[in-house]
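Enquirer: Just one file: target-v7.txt, with compact mmCIF, C-alpha atoms.
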```
# COMPACT_ATOMS: atom_id res chain seq x y z
CA MET A 1 -29.61 33.89 22.72
CA THR A 2 -30.92 37.38 23.36
CA GLY A 3 -29.87 40.17 25.68
CA CYS A 4 -30.95 40.08 29.31
CA GLU A 5 -32.46 43.20 30.86
CA GLY A 6 -30.02 43.07 33.75
CA ASP A 7 -27.04 43.21 31.38
CA PHE A 8 -28.25 46.30 29.58
CA GLU A 9 -26.68 49.03 31.65
CA ARG A 10 -23.38 47.17 31.95
CA ALA A 11 -23.24 46.34 28.23
CA VAL A 12 -24.67 49.45 26.61
CA LEU A 13 -23.98 52.52 28.74
CA PRO A 14 -20.18 52.34 28.17
CA TYR A 15 -20.96 53.26 24.55
CA ALA A 16 -22.71 56.49 25.60
CA PRO A 17 -19.60 58.69 25.11
CA SER A 18 -18.94 57.55 21.54
CA LEU A 19 -22.65 57.79 20.72
CA LEU A 20 -22.79 61.31 22.12
CA ARG A 21 -19.63 62.32 20.28
CA PHE A 22 -21.08 61.02 17.03
CA GLY A 23 -24.46 62.58 17.82
CA LEU A 24 -22.79 65.95 18.36
CA ARG A 25 -21.08 65.69 15.00
CA LEU A 26 -24.36 64.82 13.34
CA THR A 27 -26.42 67.55 14.96
CA GLY A 28 -23.85 70.20 15.91
CA ASP A 29 -25.94 70.95 18.97
CA CYS A 30 -25.32 69.65 22.51
CA SER A 31 -28.96 69.60 23.52
CA GLN A 32 -30.11 67.87 20.32
CA ALA A 33 -27.25 65.39 20.59
CA GLU A 34 -28.20 64.51 24.16
CA ASP A 35 -31.84 64.07 23.13
CA LEU A 36 -30.73 61.91 20.22
CA VAL A 37 -28.53 59.65 22.36
CA GLN A 38 -31.10 59.46 25.14
CA GLU A 39 -33.77 58.35 22.69
CA THR A 40 -31.29 55.89 21.16
CA LEU A 41 -30.46 54.33 24.53
CA LEU A 42 -34.11 54.08 25.56
CA LEU A 43 -35.03 52.44 22.25
CA ALA A 44 -32.11 50.07 22.73
CA TRP A 45 -33.35 49.31 26.25
CA ARG A 46 -36.81 48.47 24.96
CA GLY A 47 -35.39 46.32 22.17
CA PHE A 48 -32.57 44.76 24.15
CA GLY A 49 -34.55 41.57 24.77
CA ARG A 50 -34.51 40.96 21.02
CA PHE A 51 -30.83 41.77 20.59
CA GLU A 52 -28.84 38.65 19.79
CA THR A 53 -25.90 38.22 22.11
CA GLY A 54 -22.70 37.84 20.14
CA THR A 55 -23.70 40.18 17.32
CA ASN A 56 -22.23 43.65 17.02
CA LEU A 57 -23.77 45.65 19.85
CA ARG A 58 -21.96 48.89 19.01
CA ALA A 59 -23.01 48.73 15.35
CA TRP A 60 -26.58 48.04 16.48
CA LEU A 61 -26.54 51.13 18.71
CA PHE A 62 -25.18 53.34 15.93
CA ARG A 63 -27.82 51.99 13.57
CA ILE A 64 -30.53 52.98 16.06
CA LEU A 65 -28.94 56.39 16.52
CA LEU A 66 -28.86 57.08 12.79
CA ASN A 67 -32.47 55.96 12.43
CA VAL A 68 -33.55 58.28 15.23
CA PHE A 69 -31.47 61.07 13.68
CA ARG A 70 -33.18 60.64 10.31
CA GLN A 71 -36.58 60.80 11.99
CA GLN A 72 -35.78 63.91 14.01
CA LYS A 73 -33.64 65.74 11.49
CA ARG A 74 -36.53 67.35 9.66
CA LYS A 75 -38.05 68.61 12.88
CA TRP A 76 -34.75 70.05 14.05
CA GLN A 77 -33.99 71.62 10.70
CA SER A 78 -37.28 73.44 10.75
CA SER A 79 -36.52 74.94 14.15
CA SER A 80 -32.79 75.72 13.85
CA ALA A 81 -29.90 75.98 11.42
CA CYS A 82 -28.58 72.58 12.40
CA GLU A 83 -26.96 71.69 9.09
CA SER A 84 -24.97 74.88 8.74
CA SER A 85 -23.49 74.60 12.20
CA ALA A 86 -22.69 70.91 12.00
CA PHE A 87 -19.32 69.87 13.44
CA GLU A 88 -18.75 73.19 15.14
CA THR A 89 -18.91 71.25 18.36
CA PRO A 90 -17.82 72.53 21.73
CA VAL A 91 -14.15 71.93 22.33
CA ALA A 92 -11.89 71.91 25.32
CA ARG A 93 -9.20 74.09 23.76
CA PRO A 94 -9.03 76.56 20.86
CA HIS A 95 -8.80 75.06 17.38
CA SER A 96 -5.53 75.26 15.47
CA ASP A 97 -5.72 76.68 11.94
CA GLU A 98 -5.22 73.21 10.56
CA SER A 99 -7.97 71.78 12.73
CA VAL A 100 -10.37 74.52 11.61
CA GLU A 101 -9.52 73.83 7.99
CA VAL A 102 -10.18 70.10 8.39
CA ARG A 103 -13.47 70.75 10.16
CA GLN A 104 -14.57 73.14 7.47
CA ALA A 105 -13.67 70.65 4.76
CA LEU A 106 -15.61 67.96 6.55
CA ASN A 107 -18.53 70.31 6.97
CA ARG A 108 -18.63 70.92 3.23
CA LEU A 109 -19.05 67.22 2.44
CA GLY A 110 -22.45 65.87 1.60
CA SER A 111 -24.27 64.22 4.51
CA ASP A 112 -23.81 60.65 3.21
CA GLN A 113 -20.08 61.06 2.61
CA ARG A 114 -19.56 62.79 5.95
CA THR A 115 -21.40 60.05 7.81
CA VAL A 116 -19.37 57.17 6.32
CA LEU A 117 -16.11 59.07 6.81
CA LEU A 118 -16.88 59.71 10.48
CA LEU A 119 -18.00 56.13 11.06
CA ALA A 120 -14.86 54.75 9.39
CA VAL A 121 -12.17 57.15 10.54
CA ILE A 122 -13.37 58.46 13.90
CA GLU A 123 -15.51 55.57 15.15
CA GLY A 124 -13.32 52.87 13.60
CA PHE A 125 -16.05 50.81 11.98
CA THR A 126 -15.15 48.55 9.07
CA CYS A 127 -16.85 48.95 5.69
CA ARG A 128 -18.94 45.86 6.38
CA GLU A 129 -20.09 47.25 9.73
CA ILE A 130 -20.93 50.60 8.14
CA ALA A 131 -22.93 48.81 5.46
CA GLU A 132 -24.82 47.03 8.22
CA ILE A 133 -25.38 50.25 10.17
CA LEU A 134 -26.63 52.20 7.15
CA GLY A 135 -28.46 49.31 5.54
CA VAL A 136 -26.68 49.80 2.20
CA PRO A 137 -24.44 47.46 0.13
CA ILE A 138 -20.76 47.43 1.06
CA GLY A 139 -19.90 48.69 -2.46
CA THR A 140 -21.91 51.83 -1.74
CA VAL A 141 -19.97 52.39 1.47
CA MET A 142 -16.63 51.96 -0.34
CA SER A 143 -17.70 54.33 -3.07
CA ARG A 144 -18.88 57.00 -0.59
CA LEU A 145 -15.65 56.67 1.37
CA SER A 146 -13.50 57.06 -1.74
CA ARG A 147 -15.46 60.13 -2.86
CA ALA A 148 -15.32 61.61 0.65
CA ARG A 149 -11.53 61.20 0.79
CA ASP A 150 -11.18 62.64 -2.73
CA ALA A 151 -13.23 65.69 -1.72
CA MET A 152 -11.19 66.14 1.44
CA ARG A 153 -7.98 65.77 -0.58
CA GLU A 154 -8.99 68.62 -2.90
CA GLN A 155 -9.69 70.95 0.01
CA LEU A 156 -6.80 69.97 2.24
CA SER A 157 -3.89 69.86 -0.16
CA ARG A 158 -1.90 72.19 2.11
CA VAL A 159 -2.64 70.22 5.28
CA ILE A 160 -1.80 66.77 3.99
CA GLN A 161 1.40 67.62 2.23
CA MET B 1 -11.36 51.52 -16.14
CA SER B 2 -7.59 51.39 -15.81
CA GLY B 3 -5.79 48.91 -13.58
CA CYS B 4 -5.05 51.65 -11.05
CA ASP B 5 -8.72 52.68 -10.84
CA GLY B 6 -9.74 49.09 -10.17
CA ILE B 7 -7.10 48.79 -7.46
CA LEU B 8 -7.97 52.10 -5.81
CA MET B 9 -11.65 51.17 -5.59
CA GLN B 10 -10.51 48.58 -3.06
CA ALA B 11 -8.57 51.16 -1.02
CA PRO B 12 -11.25 51.57 1.71
CA LEU B 13 -11.07 47.83 2.44
CA TYR B 14 -7.27 48.00 2.50
CA LEU B 15 -7.25 50.98 4.87
CA SER B 16 -9.80 49.41 7.23
CA GLY B 17 -7.86 46.13 7.30
CA GLU B 18 -10.78 44.12 5.94
CA MET B 19 -9.06 42.79 2.87
CA ALA B 20 -8.38 39.04 2.62
CA ALA B 21 -4.70 38.14 2.93
CA SER B 22 -4.22 37.26 -0.74
CA ASP B 23 -5.97 40.47 -1.91
CA ARG B 24 -3.94 42.52 0.57
CA ASP B 25 -0.70 41.07 -0.77
CA ALA B 26 -1.75 41.83 -4.34
CA PHE B 27 -2.78 45.37 -3.32
CA ALA B 28 0.55 45.97 -1.54
CA ALA B 29 2.45 44.60 -4.53
CA HIS B 30 0.66 47.08 -6.79
CA LEU B 31 1.50 49.96 -4.46
CA ALA B 32 5.13 48.89 -4.45
CA ARG B 33 5.38 49.27 -8.21
CA CYS B 34 2.92 52.16 -8.76
CA PRO B 35 4.09 55.46 -7.20
CA VAL B 36 0.86 57.25 -8.22
CA CYS B 37 -1.39 54.83 -6.29
CA ALA B 38 1.08 54.71 -3.38
CA ALA B 39 1.01 58.51 -3.16
CA LYS B 40 -2.77 58.58 -3.27
CA LEU B 41 -3.04 56.01 -0.51
CA ALA B 42 -0.52 57.95 1.57
CA GLU B 43 -2.75 61.02 1.14
CA ASP B 44 -5.76 59.02 2.25
CA ARG B 45 -3.89 58.04 5.37
CA ALA B 46 -2.87 61.66 5.96
CA ILE B 47 -6.50 62.80 5.56
CA ASP B 48 -7.63 60.23 8.11
CA ALA B 49 -4.88 61.31 10.51
CA ALA B 50 -5.76 64.99 10.09
CA LEU B 51 -9.40 64.21 10.69
CA ARG B 52 -8.64 62.25 13.86
CA SER B 53 -6.42 65.03 15.09
CA ALA B 54 -8.98 67.74 14.35
CA LEU B 55 -11.81 65.90 16.08
CA SER B 56 -9.97 64.22 18.91
CA ASP B 57 -10.04 67.19 21.25
CA PHE B 58 -13.60 66.70 22.28
CA ALA B 59 -14.53 64.20 25.00
CA PRO B 60 -18.16 64.75 25.90
CA ASP B 61 -19.31 64.39 29.48
CA THR B 62 -22.10 61.79 29.53
CA GLY B 63 -22.67 61.81 33.30
CA ARG B 64 -25.93 63.74 33.20
CA LEU B 65 -27.14 61.82 30.16
CA GLU B 66 -26.40 58.43 31.73
CA LEU B 67 -28.13 59.47 34.96
CA THR B 68 -31.26 60.47 33.02
CA VAL B 69 -31.24 57.21 31.06
CA ARG B 70 -30.76 55.13 34.23
CA GLN B 71 -33.69 56.95 35.88
CA LYS B 72 -35.94 56.40 32.86
CA ILE B 73 -34.97 52.74 32.70
CA ALA B 74 -35.72 52.32 36.42
CA LEU B 75 -39.12 53.96 35.86
CA ASP B 76 -39.75 51.72 32.86
CA ARG B 77 -38.82 48.66 34.94
CA ARG B 78 -41.27 49.67 37.65
CA ARG B 79 -43.99 50.24 35.05
CA ARG B 80 -43.31 46.83 33.51
CA ARG B 81 -43.42 45.21 36.94
CA TRP B 82 -46.75 46.85 37.75
CA ALA B 83 -48.03 45.99 34.32
CA GLY B 84 -47.08 42.37 35.03
CA VAL B 85 -48.90 42.49 38.38
CA ALA B 86 -51.93 44.05 36.69
CA VAL B 87 -51.96 41.35 34.03
CA LEU B 88 -51.71 38.67 36.71
CA ALA B 89 -54.53 40.26 38.72
CA ALA B 90 -56.70 40.58 35.62
CA THR B 91 -55.99 36.96 34.71
CA ALA B 92 -56.85 35.83 38.24
CA ALA B 93 -60.08 37.86 38.16
CA LEU B 94 -61.02 36.40 34.79
CA LEU B 95 -60.29 32.89 36.02
CA THR B 96 -62.40 33.48 39.11
CA VAL B 97 -65.29 34.78 37.03
CA ALA B 98 -64.87 31.85 34.65
CA VAL B 99 -64.86 29.31 37.51
CA ILE B 100 -67.89 30.93 39.14
CA GLY B 101 -69.63 31.05 35.80
CA TRP B 102 -68.75 27.47 35.07
CA ARG B 103 -69.92 26.32 38.47
CA SER B 104 -73.09 28.30 38.06
CA TRP B 105 -73.60 26.87 34.59
CA THR B 106 -72.92 23.34 35.69
CA ARG B 107 -74.90 23.71 38.89
CA SER B 108 -78.37 23.59 37.38
CA PRO B 109 -78.25 19.95 36.24
CA GLN B 110 -77.08 18.91 39.72
CA TRP B 111 -79.91 20.90 41.27
CA TYR B 112 -82.33 19.33 38.88
CA ALA B 113 -80.99 15.84 39.51
CA ASP B 114 -81.06 16.24 43.29
CA ALA B 115 -84.56 17.74 43.24
CA ALA B 116 -85.85 14.96 40.99
CA LEU B 117 -84.22 12.33 43.21
CA ASP B 118 -85.66 13.86 46.37
CA HIS B 119 -89.10 14.02 44.79
CA ARG B 120 -88.82 10.38 43.72
CA LYS B 121 -87.66 9.11 47.12
CA GLU B 122 -89.87 11.23 49.30
CA VAL B 123 -93.02 11.61 47.23
CA VAL B 124 -93.16 8.74 44.71
CA GLU B 125 -91.53 6.00 46.81
CA VAL B 126 -92.72 7.58 50.08
CA GLN B 127 -89.67 7.04 52.31
CA PRO B 128 -90.47 7.17 56.03
CA ARG B 129 -89.62 10.79 56.85
CA ARG B 130 -91.01 13.30 59.24
CA TRP B 131 -93.05 15.81 57.25
CA ARG B 132 -94.81 18.89 58.53
CA SER B 133 -98.43 18.99 57.51
CA SER B 134 -100.43 21.00 60.02
CA PRO B 135 -101.07 24.63 59.03
CA SER B 136 -99.09 25.93 62.03
CA GLU B 137 -96.06 23.76 61.27
CA LEU B 138 -96.23 24.64 57.59
CA ALA B 139 -96.47 28.34 58.45
CA ARG B 140 -93.39 28.10 60.73
CA LEU B 141 -91.34 26.29 58.10
CA ALA B 142 -92.38 28.74 55.41
CA GLU B 143 -91.45 31.64 57.66
CA GLN B 144 -87.96 30.18 58.13
CA TYR B 145 -87.53 30.59 54.37
CA GLY B 146 -88.95 34.07 54.23
CA LEU B 147 -92.32 32.91 52.88
CA GLN B 148 -95.72 33.85 54.17
CA PHE B 149 -98.01 30.90 54.68
CA SER B 150 -100.39 32.32 52.10
CA GLN B 151 -97.58 32.45 49.57
CA ALA B 152 -96.70 28.83 50.26
CA THR B 153 -100.26 27.66 49.83
CA GLY B 154 -100.85 30.05 46.96
CA MET B 155 -98.14 28.39 44.87
CA ALA B 156 -100.52 25.48 44.32
CA ALA B 157 -101.88 25.03 40.81
CA ALA B 158 -105.65 25.00 40.28
CA GLY B 159 -107.18 21.95 41.96
CA TYR B 160 -104.10 21.27 44.07
CA ARG B 161 -103.37 22.07 47.69
CA LEU B 162 -100.29 22.19 49.88
CA GLU B 163 -100.14 18.83 51.67
CA ARG B 164 -96.83 18.79 53.50
CA ALA B 165 -93.35 20.21 53.71
CA LYS B 166 -89.88 19.48 55.00
CA ILE B 167 -86.36 20.79 54.68
CA CYS B 168 -84.02 19.00 52.32
CA ALA B 169 -80.57 19.45 50.77
CA ILE B 170 -80.44 20.14 47.05
CA ALA B 171 -76.95 20.41 45.52
CA GLY B 172 -75.58 21.29 48.94
CA GLN B 173 -78.18 23.99 49.64
CA ARG B 174 -80.95 23.72 52.17
CA MET B 175 -84.31 24.19 50.48
CA LEU B 176 -87.91 24.01 51.52
CA HIS B 177 -89.58 21.01 49.88
CA LEU B 178 -93.31 21.55 49.47
CA VAL B 179 -95.58 18.79 48.20
CA PHE B 180 -98.84 19.66 46.46
CA GLY B 181 -101.56 17.15 45.64
CA ASN B 182 -105.04 16.94 44.12
CA GLY B 183 -106.01 13.55 45.50
CA THR B 184 -104.51 11.51 42.68
CA GLN B 185 -101.42 13.34 41.54
CA LYS B 186 -98.64 15.06 43.39
CA TYR B 187 -95.82 17.39 42.51
CA SER B 188 -93.02 19.05 44.43
CA ILE B 189 -91.77 22.57 44.71
CA PHE B 190 -88.32 23.24 46.13
CA VAL B 191 -87.79 26.84 47.13
CA ALA B 192 -85.06 28.89 48.80
CA PRO B 193 -84.21 32.56 49.01
CA HIS B 194 -81.41 33.90 46.83
CA SER B 195 -79.89 37.29 46.14
CA ALA B 196 -79.63 37.38 42.36
CA ARG B 197 -82.36 36.86 39.84
CA ARG B 198 -81.61 34.40 37.07
CA GLU B 199 -83.30 33.78 33.78
CA ARG B 200 -85.92 31.05 33.84
CA SER B 201 -84.62 27.94 32.08
CA ARG B 202 -86.58 25.45 30.00
CA PRO B 203 -88.01 22.35 31.74
CA PHE B 204 -85.41 19.66 32.10
CA ARG B 205 -86.12 15.95 31.89
CA GLN B 206 -84.63 14.00 34.79
CA GLY B 207 -85.52 10.31 34.72
CA ASP B 208 -89.31 9.99 34.80
CA GLU B 209 -89.71 13.51 36.12
CA ARG B 210 -89.69 16.95 34.58
CA VAL B 211 -87.94 19.72 36.42
CA ALA B 212 -88.72 23.38 35.74
CA GLU B 213 -86.93 26.26 37.37
CA PHE B 214 -88.41 29.60 38.36
CA ASN B 215 -86.87 32.75 39.76
CA THR B 216 -88.02 35.93 41.39
CA ASP B 217 -86.07 38.78 42.88
CA HIS B 218 -85.73 36.94 46.18
CA PHE B 219 -86.46 33.27 45.59
CA ARG B 220 -85.26 30.48 43.45
CA GLY B 221 -87.41 27.42 42.99
CA LEU B 222 -87.69 24.10 41.23
CA VAL B 223 -90.88 22.30 40.29
CA VAL B 224 -90.71 18.52 39.92
CA SER B 225 -93.60 16.62 38.43
CA ASP B 226 -94.27 13.63 36.23
CA SER B 227 -96.33 15.77 33.85
CA SER B 228 -95.40 17.02 30.40
CA ALA B 229 -92.81 19.74 29.88
CA GLU B 230 -95.55 22.31 29.16
CA GLU B 231 -97.55 21.40 32.26
CA CYS B 232 -94.41 21.47 34.39
CA ALA B 233 -93.50 24.89 33.03
CA GLU B 234 -97.04 26.11 33.82
CA LEU B 235 -96.73 24.81 37.40
CA ALA B 236 -93.49 26.81 37.70
CA ARG B 237 -95.18 29.96 36.34
CA VAL B 238 -98.02 29.62 38.89
CA ALA B 239 -95.53 29.29 41.74
CA GLU B 240 -93.43 32.17 40.46
CA ARG B 241 -96.43 34.51 40.38
CA GLN B 242 -96.95 33.96 44.13
CA LEU B 243 -93.42 35.04 44.98
```
What is this structure when it is put down as structure tokens?
Expert:
Amino acid sequence: MTGCEGDFERAVLPYAPSLLRFGLRLTGDCSQAEDLVQETLLLAWRGFGRFETGTNLRAWLFRILLNVFRQQKRKWQSSSACESSAFETPVARPHSDESVEVRQALNRLGSDQRTVLLLAVIEGFTCREIAEILGVPIGTVMSRLSRARDAMREQLSRVIQ
Amino acid sequence: MSGCDGILMQAPLYLSGEMAASDRDAFAAHLARCPVCAAKLAEDRAIDAALRSALSDFAPDTGRLELTVRQKIALDRRRRRWAGVAVLAATAALLTVAVIGWRSWTRSPQWYADAALDHRKEVVEVQPRRWRSSPSELARLAEQYGLQFSQATGMAAAGYRLERAKICAIAGQRMLHLVFGNGTQKYSIFVAPHSARRERSRPFRQGDERVAEFNTDHFRGLVVSDSSAEECAELARVAERQL
């Protein structure tokens, strides 16, 4: 059974906030993140007829978002310093010292490690779901997660003690 | 690889709650007796908590984004609907053209059959019908079909003359039936005005008769005779030249 056009807005749009939050952490730029999520949702709309009801809709949306991000990343990088400003996202209140330290540590991770850490810790995906989203074996996801946590541990020894 | 390394490789599955019950019990049992691994896992949990805390203060407003997406989806829906209507209209137009083409294609044999039958009944078997044969009557009939009298008589092949005429129905269309004779042999020409010129087709055998079609810019005609295909085609060419 596949998705019905009429169900799209009801089923998919509630995921817009988490997609935008993740998009902001990928791009570090509000405008780029909105473009990224908009393109993701429109691609999902066009492909919704082929989406199999009962499978993981949220994982499917994140997979689309990451694919769009990979496609657009090069273009964005050529026009702005996206990578260097990643994760310095707009916030509602000033960062604490600890928060700044954590963000900086996260920002120093490699892109692959950062992505799996965000998907696992912030978005709450399981390793299997992350493997499905990224299209890599689950062992790769586990390995990237372990290395990401090790790298964070080295930088945040003061924070986590 | 030490036992601890092997255990810790499974830590992501343990932390995400994906581990099977038996593996989870074994993992927990190892933690209970290995303070190094237990401490490392506690640090992993602390890192995750710090990360959640550091990034939890941002709740993006998606109102504008959702509005834009809804508008684009509505536009896309309208486009799809119009595309569907366009496809339906194109299909209907194609079907209409196909039906007209098919009817046109299949019409000729019916015309030929009706013309041959009319020729047989009216000319060969000489059914009792009222024919027009005087020059004035022939001229009036010809005029009704947009023909000058000289054109009607001029359609006769060498040695033949226009003997008589009447109106008949061929495949549902009223046509002028002209009979030409040379004293021993007769043939028929059926003629009617039409708006579109068609290609001349090859003579068609219909029973004992041959039927040849001819076309000009304004007239369509059929010649029916009991001659050969070549002679019938020549009779059609003579008639066509007059029109």
Enquirer: Based on only C-alpha atoms, which of the residues in chain A come within 7 Å of chain B? I want them as number ranges by chain.
Expert: A: 16-17, 20-21, 34, 38, 42, 91-92, 99, 102-103, 121-122, 126-127, 142, 145-146, 149, 153, 160
Enquirer: Quick one: everything within 8 Å of Glu101 (chain A), counting all atoms listed in the file, minus sequence neighbours fewer than 4 positions away in the same chain. Send it as an mmCIF file with C-alpha atoms, keeping the file's coordinate frame.
Expert:
```
data_model
loop_
_atom_site.group_PDB
_atom_site.id
_atom_site.type_symbol
_atom_site.label_atom_id
_atom_site.label_comp_id
_atom_site.auth_asym_id
_atom_site.auth_seq_id
_atom_site.Cartn_x
_atom_site.Cartn_y
_atom_site.Cartn_z
ATOM 1 C CA ASP A 97 -5.720 76.680 11.940
ATOM 2 C CA ALA A 105 -13.670 70.650 4.760
ATOM 3 C CA LEU A 156 -6.800 69.970 2.240
#
```
Enquirer: Go through B:Val126, B:Cys4, B:Ala233, B:Ile100 and flag the residue nearest Ala38 (chain B), using only C-alpha atoms for the distances.
Expert: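 Looking at the shortest contact to Ala38 (chain B), the residue is B:Cys4.
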Enquirer: Please, what distance in Å, to one decimal, runs between CA of Gly54 (chain A) and CA of Ala21 (chain B)?
Expert: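 Separating CA of Gly54 (chain A) from CA of Ala21 (chain B) is a distance of 24.9 Å.
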Enquirer: From (-6.0, 49.1, -10.1), in the file's coordinates, out to 12 Å: which residues are reached, counting all atoms listed in the file? Answer as a PDB file with C-alpha atoms, in the frame of the given file.
Expert:
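Produced file selection-v7.pdb, reproduced below:
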```pdb
ATOM      1  CA  MET B   1     -11.360  51.520 -16.140  1.00  0.00           C
ATOM      2  CA  SER B   2      -7.590  51.390 -15.810  1.00  0.00           C
ATOM      3  CA  GLY B   3      -5.790  48.910 -13.580  1.00  0.00           C
ATOM      4  CA  CYS B   4      -5.050  51.650 -11.050  1.00  0.00           C
ATOM      5  CA  ASP B   5      -8.720  52.680 -10.840  1.00  0.00           C
ATOM      6  CA  GLY B   6      -9.740  49.090 -10.170  1.00  0.00           C
ATOM      7  CA  ILE B   7      -7.100  48.790  -7.460  1.00  0.00           C
ATOM      8  CA  LEU B   8      -7.970  52.100  -5.810  1.00  0.00           C
ATOM      9  CA  MET B   9     -11.650  51.170  -5.590  1.00  0.00           C
ATOM     10  CA  GLN B  10     -10.510  48.580  -3.060  1.00  0.00           C
ATOM     11  CA  ALA B  11      -8.570  51.160  -1.020  1.00  0.00           C
ATOM     12  CA  ASP B  23      -5.970  40.470  -1.910  1.00  0.00           C
ATOM     13  CA  ALA B  26      -1.750  41.830  -4.340  1.00  0.00           C
ATOM     14  CA  PHE B  27      -2.780  45.370  -3.320  1.00  0.00           C
ATOM     15  CA  ALA B  28       0.550  45.970  -1.540  1.00  0.00           C
ATOM     16  CA  ALA B  29       2.450  44.600  -4.530  1.00  0.00           C
ATOM     17  CA  HIS B  30       0.660  47.080  -6.790  1.00  0.00           C
ATOM     18  CA  LEU B  31       1.500  49.960  -4.460  1.00  0.00           C
ATOM     19  CA  ARG B  33       5.380  49.270  -8.210  1.00  0.00           C
ATOM     20  CA  CYS B  34       2.920  52.160  -8.760  1.00  0.00           C
ATOM     21  CA  VAL B  36       0.860  57.250  -8.220  1.00  0.00           C
ATOM     22  CA  CYS B  37      -1.390  54.830  -6.290  1.00  0.00           C
ATOM     23  CA  ALA B  38       1.080  54.710  -3.380  1.00  0.00           C
TER      24      ALA B  38
END
```
Enquirer: For the point (-22.3, 62.5, 14.5) in the file's frame, write as JSON, numbers by chain all residues with an atom no more than 10 Å away, counting only C-alpha atoms.
Expert: {"A": [18, 19, 20, 21, 22, 23, 24, 25, 26, 27, 28, 33, 62, 65, 66, 69, 86, 87, 114, 115, 118, 119, 122, 123]}
Enquirer: Show which residues sit within 8 Å of Val238 (chain B), as a PyMOL selection string. Count all atoms listed in the file, and ignore same-chain residues fewer than 4 positions away.
Expert: chain B and resi 155-157+234+242
Enquirer: To one decimal in Å, tell me the separation between CA of Ala120 (chain A) and CA of Asn67 (chain A).
Expert: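 So the answer is 17.9 Å.
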Enquirer: How many Å separate CA of Glu52 (chain A) from CA of Val12 (chain A)?
Expert: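 That distance, rounded to one decimal, is 13.4 Å.
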Enquirer: Using all atoms listed in the file, which residue out of A:Ser157, A:Gly110, A:Arg74, A:Arg63 lies closest to Leu134 (chain A)?
Expert: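 Looking only at the distances to Leu134 (chain A), the closest residue turns out to be A:Arg63.
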Enquirer: Show me, as a PDB file with C-alpha atoms, in the frame of the given file, the residues that have an atom within 10 Å of Phe8 (chain A) when counting all atoms listed in the file, minus same-chain residues fewer than 6 positions from it.
Expert:
```
ATOM      1  CA  LEU A  41     -30.460  54.330  24.530  1.00  0.00           C
ATOM      2  CA  ALA A  44     -32.110  50.070  22.730  1.00  0.00           C
ATOM      3  CA  TRP A  45     -33.350  49.310  26.250  1.00  0.00           C
ATOM      4  CA  ARG A  46     -36.810  48.470  24.960  1.00  0.00           C
ATOM      5  CA  PHE A  48     -32.570  44.760  24.150  1.00  0.00           C
ATOM      6  CA  GLY A  49     -34.550  41.570  24.770  1.00  0.00           C
TER       7      GLY A  49
ATOM      8  CA  ILE B  73     -34.970  52.740  32.700  1.00  0.00           C
TER       9      ILE B  73
END
```
Enquirer: So that I can check the surroundings of Gly183 (chain B), please list as a ChimeraX atom specification every protein, DNA and RNA residue that reaches within 12 Å of it, counting only C-alpha atoms and ignoring chain neighbours fewer than 6 positions away.
Expert: /B:159-163
